[in-house]
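What follows is input00.tsv (TSV, C-alpha atoms).
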```tsv
chain	number	residue	atom	x	y	z
A	67	MET	CA	-58.84	82.73	-148.78
A	68	ALA	CA	-59.64	83.11	-145.11
A	69	ILE	CA	-58.88	86.30	-143.26
A	70	VAL	CA	-57.73	85.17	-139.82
A	71	ALA	CA	-57.49	87.42	-136.78
A	72	PRO	CA	-53.87	87.38	-135.53
A	73	MET	CA	-54.83	86.27	-132.02
A	74	ALA	CA	-57.14	83.44	-133.17
A	75	THR	CA	-56.55	79.85	-134.27
A	76	TRP	CA	-58.14	79.08	-137.65
A	77	LYS	CA	-60.68	76.27	-137.06
A	78	PRO	CA	-63.21	76.25	-139.93
A	79	PHE	CA	-66.41	74.23	-139.87
A	80	THR	CA	-66.71	71.28	-142.27
A	81	GLY	CA	-69.14	71.84	-145.16
A	82	LYS	CA	-70.38	75.21	-143.85
A	83	SER	CA	-70.46	78.37	-145.94
A	84	GLN	CA	-67.32	80.50	-145.94
A	85	LYS	CA	-68.89	83.13	-148.20
A	86	SER	CA	-68.02	86.65	-147.06
A	87	LEU	CA	-71.04	88.74	-146.17
A	88	THR	CA	-71.58	92.36	-145.19
A	89	TYR	CA	-72.40	92.88	-141.52
A	90	ASP	CA	-73.75	95.89	-139.69
A	91	LEU	CA	-73.95	94.49	-136.16
A	92	ILE	CA	-72.23	92.13	-133.76
A	93	CYS	CA	-74.30	89.74	-131.67
A	94	VAL	CA	-72.51	88.17	-128.70
A	95	HIS	CA	-73.89	84.91	-127.31
A	96	THR	CA	-72.85	82.70	-124.40
A	97	MET	CA	-72.07	79.06	-125.18
A	98	VAL	CA	-73.12	76.51	-122.57
A	99	GLY	CA	-70.35	73.93	-122.17
A	100	THR	CA	-66.85	73.87	-123.57
A	101	LEU	CA	-65.52	75.55	-126.69
A	102	SER	CA	-64.62	72.20	-128.28
A	103	GLY	CA	-68.02	70.70	-127.39
A	104	SER	CA	-69.86	73.71	-128.80
A	105	TRP	CA	-67.73	73.58	-131.97
A	106	SER	CA	-68.49	69.85	-132.41
A	107	TRP	CA	-72.23	70.55	-132.10
A	108	ALA	CA	-72.12	73.51	-134.54
A	109	ASN	CA	-70.06	71.47	-137.03
A	110	GLN	CA	-73.05	69.15	-137.61
A	111	SER	CA	-75.28	69.68	-140.63
A	112	GLY	CA	-78.17	72.07	-140.07
A	113	ASN	CA	-76.89	73.59	-136.83
A	114	PRO	CA	-76.08	77.31	-136.56
A	115	TYR	CA	-72.46	78.38	-136.37
A	116	TRP	CA	-70.35	81.48	-135.71
A	117	HIS	CA	-67.27	83.47	-136.66
A	118	PHE	CA	-65.41	83.40	-133.33
A	119	GLY	CA	-65.57	81.17	-130.26
A	120	LEU	CA	-63.90	82.05	-126.97
A	121	GLY	CA	-63.18	79.31	-124.42
A	122	GLY	CA	-63.18	79.74	-120.65
A	123	ASP	CA	-59.39	79.42	-120.65
A	124	GLY	CA	-58.98	82.27	-123.16
A	125	THR	CA	-58.59	80.06	-126.24
A	126	LEU	CA	-59.92	81.91	-129.30
A	127	TRP	CA	-60.95	80.08	-132.48
A	128	GLN	CA	-61.95	81.77	-135.71
A	129	CYS	CA	-64.35	79.53	-137.61
A	130	ARG	CA	-65.32	81.80	-140.55
A	131	SER	CA	-63.65	84.57	-142.49
```

As a first step, turn the structure in this file into structure tokens.
Amino acid sequence: MAIVAPMATWKPFTGKSQKSLTYDLICVHTMVGTLSGSWSWANQSGNPYWHFGLGGDGTLWQCRS
């Protein structure tokens, strides 16, 4: 079951791992382009992906637990 942040929209990637892991750091990156375009790219096989994506308009998507 996914744990979704209350302010985020649940938008999981297709066929990507949802296995919970232990983390000891947060790494913030800047996406070039739109949130939906970045999500479409990351949703392809073999491409890296993330837990949260924040759009320029404030839209927040949670893509992993």

For region 101-118 of chain A, find every residue with an atom within 7 Å (counting all atoms listed in the file), except residues of its own chain fewer than 3 positions away, and show them as a ChimeraX atom specification. /A:79-80,97,121,126-131

Atom-to-atom span, CA of Leu120 (chain A) and CA of His95 (chain A), Å: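 If I compute the distance from CA of Leu120 (chain A) to CA of His95 (chain A), I get 10.4 Å.
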
What gap, in Å, lies between CA of Thr100 (chain A) and CA of Gly124 (chain A)? 11.5 Å
